[in-house]
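**Q** Sharing model.csv (CSV, C-alpha atoms and all ligand atoms) below.
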chain,number,residue,atom,x,y,z
C,1,MET,CA,-15.3,18.0,14.6
C,2,ALA,CA,-12.4,20.4,14.0
C,3,LYS,CA,-13.6,20.8,10.4
C,4,SER,CA,-17.1,21.9,11.2
C,5,TYR,CA,-15.8,24.2,13.9
C,6,LEU,CA,-13.6,25.9,11.3
C,7,VAL,CA,-16.5,26.1,8.8
C,8,ALA,CA,-18.7,27.8,11.4
C,9,ARG,CA,-16.3,30.7,11.8
C,10,VAL,CA,-15.9,31.8,8.2
C,11,PRO,CA,-18.4,33.9,6.1
C,12,SER,CA,-21.3,32.0,4.7
C,13,ILE,CA,-20.5,31.9,1.0
C,14,VAL,CA,-17.0,30.8,1.8
C,15,SER,CA,-18.3,28.4,4.4
C,16,ASN,CA,-20.8,26.9,1.9
C,17,LEU,CA,-18.1,26.4,-0.6
C,18,LEU,CA,-15.8,24.9,2.0
C,19,LEU,CA,-18.6,22.7,3.2
C,20,PHE,CA,-19.3,21.6,-0.3
C,21,GLY,CA,-15.6,20.9,-0.8
C,22,ILE,CA,-15.5,18.8,2.3
C,23,LEU,CA,-18.6,16.9,1.2
C,24,MET,CA,-17.1,16.3,-2.2
C,25,ALA,CA,-13.9,15.2,-0.6
C,26,THR,CA,-15.9,12.8,1.6
C,27,PHE,CA,-17.8,11.5,-1.4
C,28,THR,CA,-14.7,10.9,-3.5
C,29,THR,CA,-12.9,9.1,-0.7
C,30,THR,CA,-15.8,6.9,0.3
C,31,GLY,CA,-15.3,3.5,-1.2
C,32,ALA,CA,-12.2,4.6,-2.9
C,33,GLN,CA,-9.7,3.7,-0.2
C,34,ILE,CA,-9.1,0.4,-1.7
C,35,GLY,CA,-6.8,-0.4,-4.6
C,36,VAL,CA,-5.3,-3.4,-6.3
C,37,CYS,CA,-1.6,-4.1,-7.2
C,38,TYR,CA,-1.2,-4.7,-10.9
C,39,GLY,CA,1.7,-7.2,-10.9
C,40,THR,CA,2.9,-8.2,-14.3
C,41,LEU,CA,5.1,-11.3,-13.7
C,42,GLY,CA,3.1,-13.6,-15.9
C,43,ASN,CA,3.6,-14.6,-19.5
C,44,ASN,CA,-0.2,-15.0,-20.1
C,45,LEU,CA,-1.7,-11.8,-18.7
C,46,PRO,CA,-4.2,-9.8,-20.7
C,47,PRO,CA,-3.0,-6.6,-22.5
C,48,PRO,CA,-2.9,-3.4,-20.3
C,49,ARG,CA,-5.9,-1.9,-22.0
C,50,GLU,CA,-8.0,-4.9,-21.0
C,51,VAL,CA,-6.6,-4.7,-17.5
C,52,ILE,CA,-7.7,-1.1,-17.1
C,53,SER,CA,-11.2,-2.1,-18.3
C,54,LEU,CA,-11.2,-4.8,-15.8
C,55,TYR,CA,-10.4,-2.3,-13.0
C,56,ASN,CA,-13.2,-0.1,-14.2
C,57,GLN,CA,-15.7,-2.9,-14.5
C,58,ASN,CA,-15.0,-3.9,-11.0
C,59,ASN,CA,-15.0,-0.3,-9.6
C,60,ILE,CA,-11.4,-0.5,-8.5
C,61,LYS,CA,-10.3,3.1,-8.3
C,62,LYS,CA,-6.6,2.7,-7.3
C,63,MET,CA,-3.7,0.8,-8.8
C,64,ARG,CA,-0.2,0.1,-7.8
C,65,LEU,CA,2.2,-0.5,-10.7
C,66,TYR,CA,5.7,-1.7,-9.8
C,67,GLY,CA,7.5,0.0,-12.6
C,68,PRO,CA,6.9,2.4,-15.5
C,69,ASN,CA,5.2,0.0,-17.9
C,70,ILE,CA,4.6,2.2,-20.9
C,71,ASP,CA,1.6,0.2,-22.3
C,72,ALA,CA,0.0,0.4,-18.9
C,73,LEU,CA,0.7,4.1,-18.6
C,74,GLU,CA,-0.8,4.7,-22.0
C,75,ALA,CA,-3.9,2.7,-21.2
C,76,LEU,CA,-4.3,4.7,-17.9
C,77,ARG,CA,-4.6,8.0,-19.8
C,78,GLY,CA,-7.8,9.7,-18.9
C,79,SER,CA,-9.0,6.8,-16.7
C,80,ASN,CA,-8.9,8.7,-13.4
C,81,ILE,CA,-7.6,5.6,-11.7
C,82,GLU,CA,-5.3,6.8,-8.9
C,83,LEU,CA,-1.8,5.4,-9.5
C,84,MET,CA,1.0,4.4,-7.2
C,85,LEU,CA,4.0,4.1,-9.6
C,86,GLY,CA,7.2,2.3,-8.6
C,87,VAL,CA,10.8,3.2,-9.3
C,88,GLU,CA,12.3,-0.3,-9.7
C,89,ASN,CA,15.0,-1.3,-7.2
C,90,GLU,CA,17.5,-1.6,-10.1
C,91,ARG,CA,17.2,2.1,-10.8
C,92,LEU,CA,17.9,3.3,-7.2
C,93,GLN,CA,21.7,3.6,-7.4
C,94,ASP,CA,21.7,5.6,-10.6
C,95,ILE,CA,18.8,7.9,-9.5
C,96,ALA,CA,20.4,8.4,-6.1
C,97,SER,CA,23.6,9.6,-7.7
C,98,ASN,CA,22.3,11.8,-10.5
C,99,GLN,CA,19.7,14.5,-10.4
C,100,ALA,CA,19.5,14.3,-14.2
C,101,SER,CA,18.5,10.6,-14.0
C,102,ALA,CA,15.7,11.5,-11.6
C,103,ASP,CA,14.6,14.4,-13.8
C,104,ASP,CA,14.6,12.2,-16.8
C,105,TRP,CA,12.6,9.5,-15.0
C,106,VAL,CA,10.0,11.9,-13.9
C,107,GLN,CA,9.9,13.6,-17.3
C,108,LYS,CA,9.5,10.3,-19.2
C,109,TYR,CA,7.1,8.5,-16.9
C,110,VAL,CA,5.1,11.2,-15.1
C,111,ILE,CA,5.1,14.5,-16.9
C,112,THR,CA,4.6,12.8,-20.2
C,113,TYR,CA,1.4,11.3,-18.8
C,114,GLY,CA,-0.3,14.5,-17.7
C,115,ASN,CA,-3.7,12.9,-17.9
C,116,VAL,CA,-2.8,10.0,-15.7
C,117,ASN,CA,-3.8,10.4,-12.1
C,118,PHE,CA,-0.5,9.9,-10.2
C,119,LYS,CA,-0.8,9.8,-6.4
C,120,TYR,CA,2.4,8.2,-5.2
C,121,ILE,CA,5.9,7.4,-6.4
C,122,ALA,CA,7.2,4.3,-4.5
C,123,VAL,CA,10.9,4.5,-4.7
C,124,GLY,CA,12.1,1.0,-4.2
C,125,ASN,CA,10.1,-2.0,-2.9
C,126,GLU,CA,11.1,-4.0,0.2
C,127,ILE,CA,14.7,-2.9,0.2
C,128,ASN,CA,16.8,-4.8,2.7
C,129,ALA,CA,17.6,-2.1,5.3
C,130,THR,CA,21.1,-3.5,5.9
C,131,GLY,CA,21.7,-4.6,2.3
C,132,PRO,CA,23.7,-3.0,-0.5
C,133,LEU,CA,20.9,-0.9,-1.9
C,134,ALA,CA,19.8,0.6,1.4
C,135,PRO,CA,22.1,3.6,1.3
C,136,PHE,CA,20.5,4.7,-2.1
C,137,VAL,CA,16.9,4.7,-1.0
C,138,VAL,CA,16.5,8.0,0.7
C,139,PRO,CA,18.9,9.9,-1.7
C,140,ALA,CA,16.9,8.5,-4.6
C,141,MET,CA,13.6,9.6,-3.0
C,142,GLN,CA,15.1,13.0,-2.5
C,143,ARG,CA,16.1,13.3,-6.1
C,144,ILE,CA,12.7,12.1,-7.3
C,145,GLN,CA,11.1,14.6,-4.9
C,146,ASN,CA,13.3,17.4,-6.3
C,147,ALA,CA,12.1,16.5,-9.8
C,148,ILE,CA,8.5,16.4,-8.7
C,149,PHE,CA,8.9,19.7,-7.0
C,150,LYS,CA,10.4,21.3,-10.1
C,151,ALA,CA,7.5,20.0,-12.2
C,152,GLY,CA,5.1,21.8,-9.8
C,153,LEU,CA,3.6,18.4,-8.7
C,154,ALA,CA,4.7,18.3,-5.1
C,155,ASN,CA,1.2,19.0,-3.8
C,156,LYS,CA,-0.3,16.2,-5.8
C,157,ILE,CA,2.3,13.4,-5.8
C,158,LYS,CA,3.8,12.0,-2.7
C,159,VAL,CA,7.2,10.2,-2.7
C,160,SER,CA,7.8,7.2,-0.5
C,161,THR,CA,9.1,3.7,-0.4
C,162,ALA,CA,7.5,0.4,0.6
C,163,VAL,CA,8.8,-1.4,3.6
C,164,TYR,CA,7.7,-4.7,5.3
C,165,PRO,CA,7.3,-5.9,8.9
C,166,ILE,CA,10.9,-7.3,9.1
C,167,ILE,CA,11.8,-3.8,10.2
C,168,LEU,CA,10.1,-4.4,13.6
C,169,GLN,CA,12.0,-5.7,16.6
C,170,GLU,CA,8.9,-6.1,18.7
C,171,SER,CA,5.3,-6.1,17.5
C,172,SER,CA,3.2,-7.6,20.3
C,173,PRO,CA,1.3,-6.2,21.9
C,174,PRO,CA,1.0,-3.4,19.3
C,175,SER,CA,1.9,-0.6,21.8
C,176,LYS,CA,5.3,-2.3,22.3
C,177,GLY,CA,6.0,-1.9,18.5
C,178,SER,CA,9.6,-0.8,17.9
C,179,PHE,CA,12.0,-0.8,15.0
C,180,ARG,CA,15.1,-3.0,14.9
C,181,GLN,CA,18.1,-1.1,16.2
C,182,GLU,CA,20.3,-2.2,13.3
C,183,TYR,CA,17.8,-0.8,10.8
C,184,ARG,CA,17.8,2.6,12.3
C,185,PRO,CA,20.5,4.0,10.0
C,186,PHE,CA,18.1,3.3,7.2
C,187,LEU,CA,14.9,4.2,8.9
C,188,ASP,CA,15.8,7.4,10.7
C,189,PRO,CA,16.6,9.4,7.5
C,190,LEU,CA,13.6,7.7,5.8
C,191,ILE,CA,11.2,8.9,8.6
C,192,ALA,CA,12.7,12.4,8.5
C,193,PHE,CA,12.2,12.5,4.8
C,194,LEU,CA,8.5,11.4,5.1
C,195,VAL,CA,7.9,13.9,7.9
C,196,ARG,CA,9.5,16.8,6.0
C,197,ASN,CA,7.4,16.0,2.8
C,198,GLN,CA,4.2,14.9,4.6
C,199,SER,CA,4.4,11.6,2.7
C,200,PRO,CA,3.0,8.4,4.1
C,201,LEU,CA,5.1,5.3,4.9
C,202,LEU,CA,4.1,2.5,2.5
C,203,LEU,CA,3.8,-0.9,4.2
C,204,ASN,CA,3.5,-4.3,2.6
C,205,MET,CA,1.9,-6.5,5.2
C,206,TYR,CA,0.4,-10.0,5.2
C,207,PRO,CA,-1.3,-11.5,8.2
C,208,TYR,CA,-1.2,-14.6,6.1
C,209,PHE,CA,2.6,-14.8,6.4
C,210,SER,CA,2.4,-14.1,10.2
C,211,TYR,CA,0.0,-16.9,10.5
C,212,ILE,CA,1.7,-19.4,8.3
C,213,GLY,CA,5.0,-18.6,10.0
C,214,ASN,CA,3.6,-19.4,13.4
C,215,VAL,CA,0.5,-21.6,13.0
C,216,ARG,CA,0.7,-22.8,16.6
C,217,GLU,CA,0.5,-19.4,18.2
C,218,VAL,CA,-1.4,-17.3,15.7
C,219,ASN,CA,-5.2,-17.8,15.6
C,220,SER,CA,-6.4,-18.3,12.0
C,221,GLN,CA,-9.6,-16.4,12.7
C,222,TYR,CA,-7.6,-13.5,14.0
C,223,ALA,CA,-5.7,-13.4,10.8
C,224,LEU,CA,-8.9,-13.7,8.7
C,225,PHE,CA,-10.9,-11.0,10.5
C,226,THR,CA,-13.4,-13.6,11.7
C,227,TYR,CA,-12.5,-13.8,15.4
C,228,PRO,CA,-15.8,-12.9,17.1
C,229,SER,CA,-14.4,-10.8,20.0
C,230,VAL,CA,-11.3,-9.1,21.2
C,231,LEU,CA,-8.3,-11.5,21.2
C,232,VAL,CA,-5.5,-9.1,22.3
C,233,GLN,CA,-6.1,-6.5,25.0
C,234,ASP,CA,-3.4,-3.9,24.9
C,235,GLY,CA,-4.1,-1.4,27.6
C,236,GLN,CA,-7.3,0.4,26.7
C,237,LEU,CA,-7.2,-0.9,23.2
C,238,GLY,CA,-8.8,-4.2,22.1
C,239,TYR,CA,-7.6,-6.1,19.0
C,240,LYS,CA,-10.0,-8.4,17.0
C,241,ASN,CA,-7.7,-8.9,14.0
C,242,LEU,CA,-4.1,-9.2,13.1
C,243,PHE,CA,-4.3,-6.6,10.4
C,244,ASP,CA,-4.9,-3.8,12.9
C,245,ALA,CA,-2.4,-5.2,15.3
C,246,ILE,CA,0.4,-5.2,12.7
C,247,LEU,CA,-0.5,-1.7,11.5
C,248,ASP,CA,-0.6,-0.3,15.1
C,249,ALA,CA,2.7,-1.9,16.0
C,250,HIS,CA,4.2,0.1,13.1
C,251,TYR,CA,2.4,3.3,14.3
C,252,SER,CA,3.8,2.7,17.8
C,253,ALA,CA,7.3,2.2,16.4
C,254,LEU,CA,7.0,5.4,14.3
C,255,GLU,CA,5.9,7.3,17.4
C,256,LYS,CA,9.1,6.3,19.2
C,257,THR,CA,11.3,7.5,16.3
C,258,GLY,CA,10.1,10.9,15.4
C,259,GLY,CA,7.3,9.7,13.0
C,260,ILE,CA,4.3,10.4,15.2
C,261,SER,CA,2.7,12.6,12.4
C,262,LEU,CA,3.1,10.0,9.7
C,263,LYS,CA,0.3,8.1,8.1
C,264,ILE,CA,0.7,4.5,6.9
C,265,VAL,CA,-0.6,3.3,3.5
C,266,VAL,CA,-0.9,-0.4,3.2
C,267,SER,CA,0.8,-0.8,-0.1
C,268,GLU,CA,0.3,-4.6,-0.3
C,269,THR,CA,-1.9,-7.1,1.5
C,270,GLY,CA,-3.6,-10.3,0.4
C,271,TRP,CA,-4.1,-14.1,0.9
C,272,PRO,CA,-3.2,-16.8,-1.6
C,273,SER,CA,-6.0,-19.0,-2.9
C,274,ALA,CA,-3.8,-22.0,-3.7
C,275,GLY,CA,-0.3,-23.5,-3.6
C,276,GLY,CA,0.3,-23.9,0.2
C,277,ASP,CA,-1.2,-25.7,3.1
C,278,GLY,CA,-4.5,-27.1,1.8
C,279,GLN,CA,-6.4,-26.0,4.8
C,280,VAL,CA,-5.1,-22.4,4.7
C,281,THR,CA,-4.5,-21.4,1.1
C,282,THR,CA,-8.0,-21.9,-0.2
C,283,LYS,CA,-10.2,-19.8,-2.4
C,284,LYS,CA,-12.6,-19.6,0.6
C,285,ASN,CA,-10.0,-18.1,2.9
C,286,ALA,CA,-8.6,-15.8,0.2
C,287,ARG,CA,-12.2,-14.5,-0.4
C,288,ILE,CA,-12.9,-14.1,3.3
C,289,TYR,CA,-9.6,-12.2,3.9
C,290,ASN,CA,-9.9,-9.9,0.9
C,291,SER,CA,-13.6,-9.2,1.3
C,292,ASN,CA,-13.0,-8.4,5.0
C,293,VAL,CA,-10.1,-6.1,4.1
C,294,ILE,CA,-12.4,-4.2,1.7
C,295,LYS,CA,-15.0,-3.7,4.4
C,296,HIS,CA,-12.6,-3.2,7.3
C,297,VAL,CA,-10.4,-0.4,5.8
C,298,LYS,CA,-13.4,1.9,5.5
C,299,GLY,CA,-12.7,2.5,9.2
C,300,GLY,CA,-9.5,2.8,11.2
C,301,THR,CA,-7.5,0.8,13.7
C,302,PRO,CA,-7.9,0.8,17.5
C,303,LYS,CA,-5.0,3.2,17.9
C,304,LYS,CA,-5.9,5.4,14.9
C,305,PRO,CA,-9.7,5.0,14.7
C,306,GLU,CA,-10.2,7.8,12.2
C,307,GLY,CA,-10.3,5.9,8.9
C,308,PRO,CA,-10.2,5.0,6.1
C,309,ILE,CA,-7.0,3.0,5.8
C,310,GLU,CA,-5.8,3.4,2.2
C,311,THR,CA,-5.0,-0.2,1.2
C,312,TYR,CA,-3.8,-2.0,-1.9
C,313,ILE,CA,-4.7,-5.7,-2.3
C,314,PHE,CA,-2.0,-7.9,-3.8
C,315,ALA,CA,-2.8,-8.7,-6.6
C,316,MET,CA,-4.9,-8.3,-9.7
C,317,PHE,CA,-3.8,-11.6,-11.3
C,318,ASN,CA,-2.3,-14.9,-10.6
C,319,GLU,CA,1.3,-14.5,-11.9
C,320,ASN,CA,2.9,-17.7,-13.2
C,321,GLN,CA,6.4,-16.3,-13.4
C,322,LYS,CA,6.6,-15.1,-9.8
C,323,GLN,CA,9.6,-16.4,-8.0
C,324,GLY,CA,9.6,-18.2,-4.7
C,325,GLN,CA,7.0,-20.5,-3.1
C,326,GLU,CA,4.0,-21.8,-5.1
C,327,THR,CA,1.7,-19.6,-3.1
C,328,GLU,CA,3.4,-16.5,-4.6
C,329,LYS,CA,1.8,-17.4,-7.9
C,330,ASN,CA,-1.7,-17.6,-6.4
C,331,PHE,CA,-2.4,-14.2,-4.8
C,332,GLY,CA,-4.6,-13.0,-7.7
C,333,LEU,CA,-8.2,-11.9,-7.6
C,334,PHE,CA,-8.4,-12.9,-11.3
C,335,TYR,CA,-7.0,-15.6,-13.5
C,336,PRO,CA,-5.1,-14.4,-16.6
C,337,SER,CA,-8.3,-15.2,-18.5
C,338,LYS,CA,-9.9,-12.3,-16.5
C,339,LYS,CA,-12.3,-14.8,-14.8
C,340,PRO,CA,-12.5,-14.1,-11.1
C,341,VAL,CA,-10.7,-16.7,-8.9
C,342,TYR,CA,-13.6,-16.2,-6.4
C,343,PRO,CA,-16.4,-13.6,-6.3
C,344,ILE,CA,-15.4,-10.3,-4.7
C,345,ASN,CA,-17.2,-7.0,-4.6
C,346,PHE,CA,-15.5,-3.6,-4.6
C,347,ASN,CA,-18.8,-1.6,-4.5
C,401,LIG,C1,20.1,-8.0,4.2
C,401,LIG,O1,21.5,-7.8,3.9
C,401,LIG,C2,22.4,-8.3,4.8
C,401,LIG,C3,23.8,-7.8,4.3
C,401,LIG,O2,24.0,-8.1,3.0
C,401,LIG,C4,22.3,-9.8,4.9
C,401,LIG,O3,23.2,-10.3,5.8
C,401,LIG,C5,20.9,-10.1,5.3
C,401,LIG,O4,20.7,-11.5,5.3
C,401,LIG,C6,19.9,-9.5,4.4
C,401,LIG,N1,18.5,-9.7,4.9
C,401,LIG,C7,17.5,-10.1,4.2
C,401,LIG,C8,16.2,-10.2,4.9
C,401,LIG,O5,17.6,-10.4,3.1
Would it be possible to restate this file's structure as C-alpha cells?

**A**
Amino acid sequence: MAKSYLVARVPSIVSNLLLFGILMATFTTTGAQIGVCYGTLGNNLPPPREVISLYNQNNIKKMRLYGPNIDALEALRGSNIELMLGVENERLQDIASNQASADDWVQKYVITYGNVNFKYIAVGNEINATGPLAPFVVPAMQRIQNAIFKAGLANKIKVSTAVYPIILQESSPPSKGSFRQEYRPFLDPLIAFLVRNQSPLLLNMYPYFSYIGNVREVNSQYALFTYPSVLVQDGQLGYKNLFDAILDAHYSALEKTGGISLKIVVSETGWPSAGGDGQVTTKKNARIYNSNVIKHVKGGTPKKPEGPIETYIFAMFNENQKQGQETEKNFGLFYPSKKPVYPINFN
C-alpha cells in the first residue's frame, strides 16, 4: 500500500522505473525465500562442485555455510546462490580482539570472492549467552561490520549471529514471549547492534525439539503444520502451527527489549527422518514438515502477516559425523549419494 502511494506521487518515467524495480524485486523474492543449510560434518559427502549443482538442479537459491570452506566458496563463484556465511565459534575471541583479524577474514573469504552472492555473515552459531564465548560475540560482529563497511559492502551484506529458543523465558502464548533475564547482558547489546545496522536476528528453531521435549503437551499436528484449525488463541491472533508461535514469541520478546524494528530470519529449521522415536522421526513426517515450511514461509505469521519469512532448512545432507543423538545425523534432504531421502519440491 505504502509503496504504490509513493509511486503515484513521483513523475511518470521515474514512477515506471520505480514500479519496474518493485516488480522485479517481487519476482526475485517470490519462491526465493527458502534456503538450505550446507552442513559438512560427513566423511562421505559429495564434492562442493556437485553440491552446488544439486542446489541448482533443485532450484534452491539460498545456502547457509557454517564456515569459510574454500572449495565451496570457489564452487559458488558466479552461481548467484545467496550465501549466509558463518564465522566459526572458535574464531570469535581472536576477531573480537583484533580489527586486523576481522579485516583479514573479510579479505580472505568475502572480498576475494567478488562473484559470490554474499547476503549475511553469521558471526557465531548458538553461542551460550552465559558461557565463556558470549562476551566476544557482539565485539566480533562489530569488527566484521567495520571490515564490511570499509570494503563498501555494508549495504549488501548484513552481519548477525544465530541464536536459539533457549533465550526465551516465556513463550506461550506468543504475546507473552520474553527473554531470560540472565541472558540480557548478552542480548541487549546484540539487539542494539542489529537495530543500528538494520540486520535481522538469526534464529535456529525446531518445532520438532519442542514436540519431542514435551510429547504429552505439544500436539504433533501443530508441530507439523497439519492441525486443521486454530489451536492457540492469543488475543486477536490465532495460531495453527508451532512454527508461527515460536517465531512470534521471539518477536514479542524483541518488542519488549528495544528490538521492535527487527526482522527475524529462520537460520535453521527441519525434522529428522530417522534415528529417534519411530513414530515421529519418519521420512513421512520429515517430508510433511519441510514441504509445509516451504509453502508456509511464502506468507507471514499471525503477528507479522507480511511475508515472506526467509528460512533455511537444516540440512542438505545426512551427516554421519554429527555429534549428539542419532537424529542429528538424519536431518538431511539428501543422502550423501545425492539421492533424495524423500521427494521434496522447491519450485
Ligand atoms: C552456559 O554456560 C554456563 C556457564 O558456563 C553453564 O552453567 C550453562 O550450563 C551453559 N548452558 C548451556 C545451555 O550450555

**Q** Let me see if you get this right: every residue at most 6 Å from ligand LIG 401 (chain C), counting all atoms listed in the file, written as a PyMOL selection string.

**A** chain C and resi 128+130-131

**Q** When you draw a straight line from atom CA of Glu255 of chain C to atom CA of Lys176 of chain C, how long is it in Å?

**A** 10.8 Å

**Q** Which polymer residues, protein or nucleic acid, are no farther than 9 Å from (-1.0, 2.5, -14.4), counting only C-alpha atoms, as an NGL selection string?

**A** :C and (38 or 48 or 52 or 63-65 or 68-77 or 81-85 or 116-118)

**Q** Report the distance between atom CA of Met316 of chain C and atom CA of Tyr289 of chain C in Å, rounded to one decimal place.

**A** 14.9 Å

**Q** Let me make sure I understand: among C:Val87, C:Ile166, C:Val280, C:Ile246, which one has the smallest atom-to-atom distance to Met141 of chain C if we use only C-alpha atoms?

**A**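 Smallest separation from Met141 of chain C among the options: C:Val87.
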
**Q** Pick out the residues sitting within 10 Å of Val230 of chain C, and hand them over as JSON, numbers by chain; count all atoms listed in the file, and ignore anything fewer than 4 positions along from it in its own chain.

**A** {"C": [222, 237, 238, 239, 240, 241]}

**Q** What's the 8 Å shell around segment 334-339 of chain C, counting all atoms listed in the file, without same-chain residues fewer than 2 positions away, as a VMD selection string?

**A** chain C and resid 44 to 46 54 316 to 319 332 341 to 342

**Q** With distances taken over only C-alpha atoms, which of C:Ile121, C:Ile344, C:Thr257, C:Gly324 is nearest to Tyr183 of chain C?

**A**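 For Tyr183 of chain C, the nearest of the candidates is C:Thr257.
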
**Q** Which residues, written as number ranges by chain, have at least one atom at most 9 Å from segment 168-171 of chain C, with all atoms listed in the file counted and residues fewer than 3 positions away on the same chain left out?

**A** C: 164-165, 174-181, 183, 245-246, 248-250, 252-253

**Q** Just to confirm, what's the straight-line distance from atom CA of Phe209 of chain C to atom CA of Asn285 of chain C in Å (one decimal)?

**A**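 Atom-to-atom, atom CA of Phe209 of chain C and atom CA of Asn285 of chain C are spaced 13.5 Å apart.
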
**Q** Let me make sure I understand: among C:Leu92, C:Leu333, C:Ile212, C:Ile167, which one has the smallest atom-to-atom distance to Phe346 of chain C if we use only C-alpha atoms?

**A**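 Checking each of C:Leu92, C:Leu333, C:Ile212, C:Ile167 against Phe346 of chain C, counting only C-alpha atoms, the winner is C:Leu333.
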
**Q** For Ser291 of chain C, which of C:Ile144, C:Leu224, C:Leu254, C:Leu203 is the closest residue, counting all atoms listed in the file?

**A** C:Leu224

**Q** Please provide as a list in words all residues within 8 Å of Ser273 of chain C, with the sequence filter that same-chain residues fewer than 4 positions apart are discarded (counting only C-alpha atoms).

**A**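 In the requested format, the answer is Thr281, Thr282, Lys283, Lys284, Asn285, Ala286, Thr327, Asn330, Phe331, Gly332 and Val341 of chain C.
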
**Q** Go through C:Gln33, C:Ala140, C:Val195, C:Thr311 and flag the residue nearest Phe243 of chain C, using only C-alpha atoms for the distances.

**A**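 Counting only C-alpha atoms, the residue closest to Phe243 of chain C is C:Thr311.
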
**Q** Would you kindly return, as a PDB file with C-alpha atoms, in the frame of the given file, each protein, DNA or RNA residue with an atom no farther than 12 Å from any atom of segment 135-139 of chain C, considering all atoms listed in the file and excluding same-chain residues fewer than 4 positions away?

**A**
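As written to disk, result-v3.pdb reads:
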ATOM      1  CA  VAL C  87      10.800   3.200  -9.300  1.00  0.00           C
ATOM      2  CA  GLU C  88      12.300  -0.300  -9.700  1.00  0.00           C
ATOM      3  CA  ASN C  89      15.000  -1.300  -7.200  1.00  0.00           C
ATOM      4  CA  GLU C  90      17.500  -1.600 -10.100  1.00  0.00           C
ATOM      5  CA  ARG C  91      17.200   2.100 -10.800  1.00  0.00           C
ATOM      6  CA  LEU C  92      17.900   3.300  -7.200  1.00  0.00           C
ATOM      7  CA  GLN C  93      21.700   3.600  -7.400  1.00  0.00           C
ATOM      8  CA  ASP C  94      21.700   5.600 -10.600  1.00  0.00           C
ATOM      9  CA  ILE C  95      18.800   7.900  -9.500  1.00  0.00           C
ATOM     10  CA  ALA C  96      20.400   8.400  -6.100  1.00  0.00           C
ATOM     11  CA  SER C  97      23.600   9.600  -7.700  1.00  0.00           C
ATOM     12  CA  ASN C  98      22.300  11.800 -10.500  1.00  0.00           C
ATOM     13  CA  GLN C  99      19.700  14.500 -10.400  1.00  0.00           C
ATOM     14  CA  ALA C 102      15.700  11.500 -11.600  1.00  0.00           C
ATOM     15  CA  ALA C 122       7.200   4.300  -4.500  1.00  0.00           C
ATOM     16  CA  VAL C 123      10.900   4.500  -4.700  1.00  0.00           C
ATOM     17  CA  GLY C 124      12.100   1.000  -4.200  1.00  0.00           C
ATOM     18  CA  ASN C 125      10.100  -2.000  -2.900  1.00  0.00           C
ATOM     19  CA  GLU C 126      11.100  -4.000   0.200  1.00  0.00           C
ATOM     20  CA  ILE C 127      14.700  -2.900   0.200  1.00  0.00           C
ATOM     21  CA  ASN C 128      16.800  -4.800   2.700  1.00  0.00           C
ATOM     22  CA  ALA C 129      17.600  -2.100   5.300  1.00  0.00           C
ATOM     23  CA  THR C 130      21.100  -3.500   5.900  1.00  0.00           C
ATOM     24  CA  GLY C 131      21.700  -4.600   2.300  1.00  0.00           C
ATOM     25  CA  ARG C 143      16.100  13.300  -6.100  1.00  0.00           C
ATOM     26  CA  ILE C 144      12.700  12.100  -7.300  1.00  0.00           C
ATOM     27  CA  GLN C 145      11.100  14.600  -4.900  1.00  0.00           C
ATOM     28  CA  ASN C 146      13.300  17.400  -6.300  1.00  0.00           C
ATOM     29  CA  VAL C 159       7.200  10.200  -2.700  1.00  0.00           C
ATOM     30  CA  SER C 160       7.800   7.200  -0.500  1.00  0.00           C
ATOM     31  CA  THR C 161       9.100   3.700  -0.400  1.00  0.00           C
ATOM     32  CA  ALA C 162       7.500   0.400   0.600  1.00  0.00           C
ATOM     33  CA  VAL C 163       8.800  -1.400   3.600  1.00  0.00           C
ATOM     34  CA  TYR C 183      17.800  -0.800  10.800  1.00  0.00           C
ATOM     35  CA  ARG C 184      17.800   2.600  12.300  1.00  0.00           C
ATOM     36  CA  PRO C 185      20.500   4.000  10.000  1.00  0.00           C
ATOM     37  CA  PHE C 186      18.100   3.300   7.200  1.00  0.00           C
ATOM     38  CA  LEU C 187      14.900   4.200   8.900  1.00  0.00           C
ATOM     39  CA  ASP C 188      15.800   7.400  10.700  1.00  0.00           C
ATOM     40  CA  PRO C 189      16.600   9.400   7.500  1.00  0.00           C
ATOM     41  CA  LEU C 190      13.600   7.700   5.800  1.00  0.00           C
ATOM     42  CA  ILE C 191      11.200   8.900   8.600  1.00  0.00           C
ATOM     43  CA  ALA C 192      12.700  12.400   8.500  1.00  0.00           C
ATOM     44  CA  PHE C 193      12.200  12.500   4.800  1.00  0.00           C
ATOM     45  CA  LEU C 194       8.500  11.400   5.100  1.00  0.00           C
TER      46      LEU C 194
END

**Q** Would you please work out which residue, of C:Gly39, C:Pro272, C:Ile34, C:Phe225, is nearest to Ile309 of chain C when using only C-alpha atoms?

**A**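 Looking only at the distances to Ile309 of chain C, the closest residue turns out to be C:Ile34.
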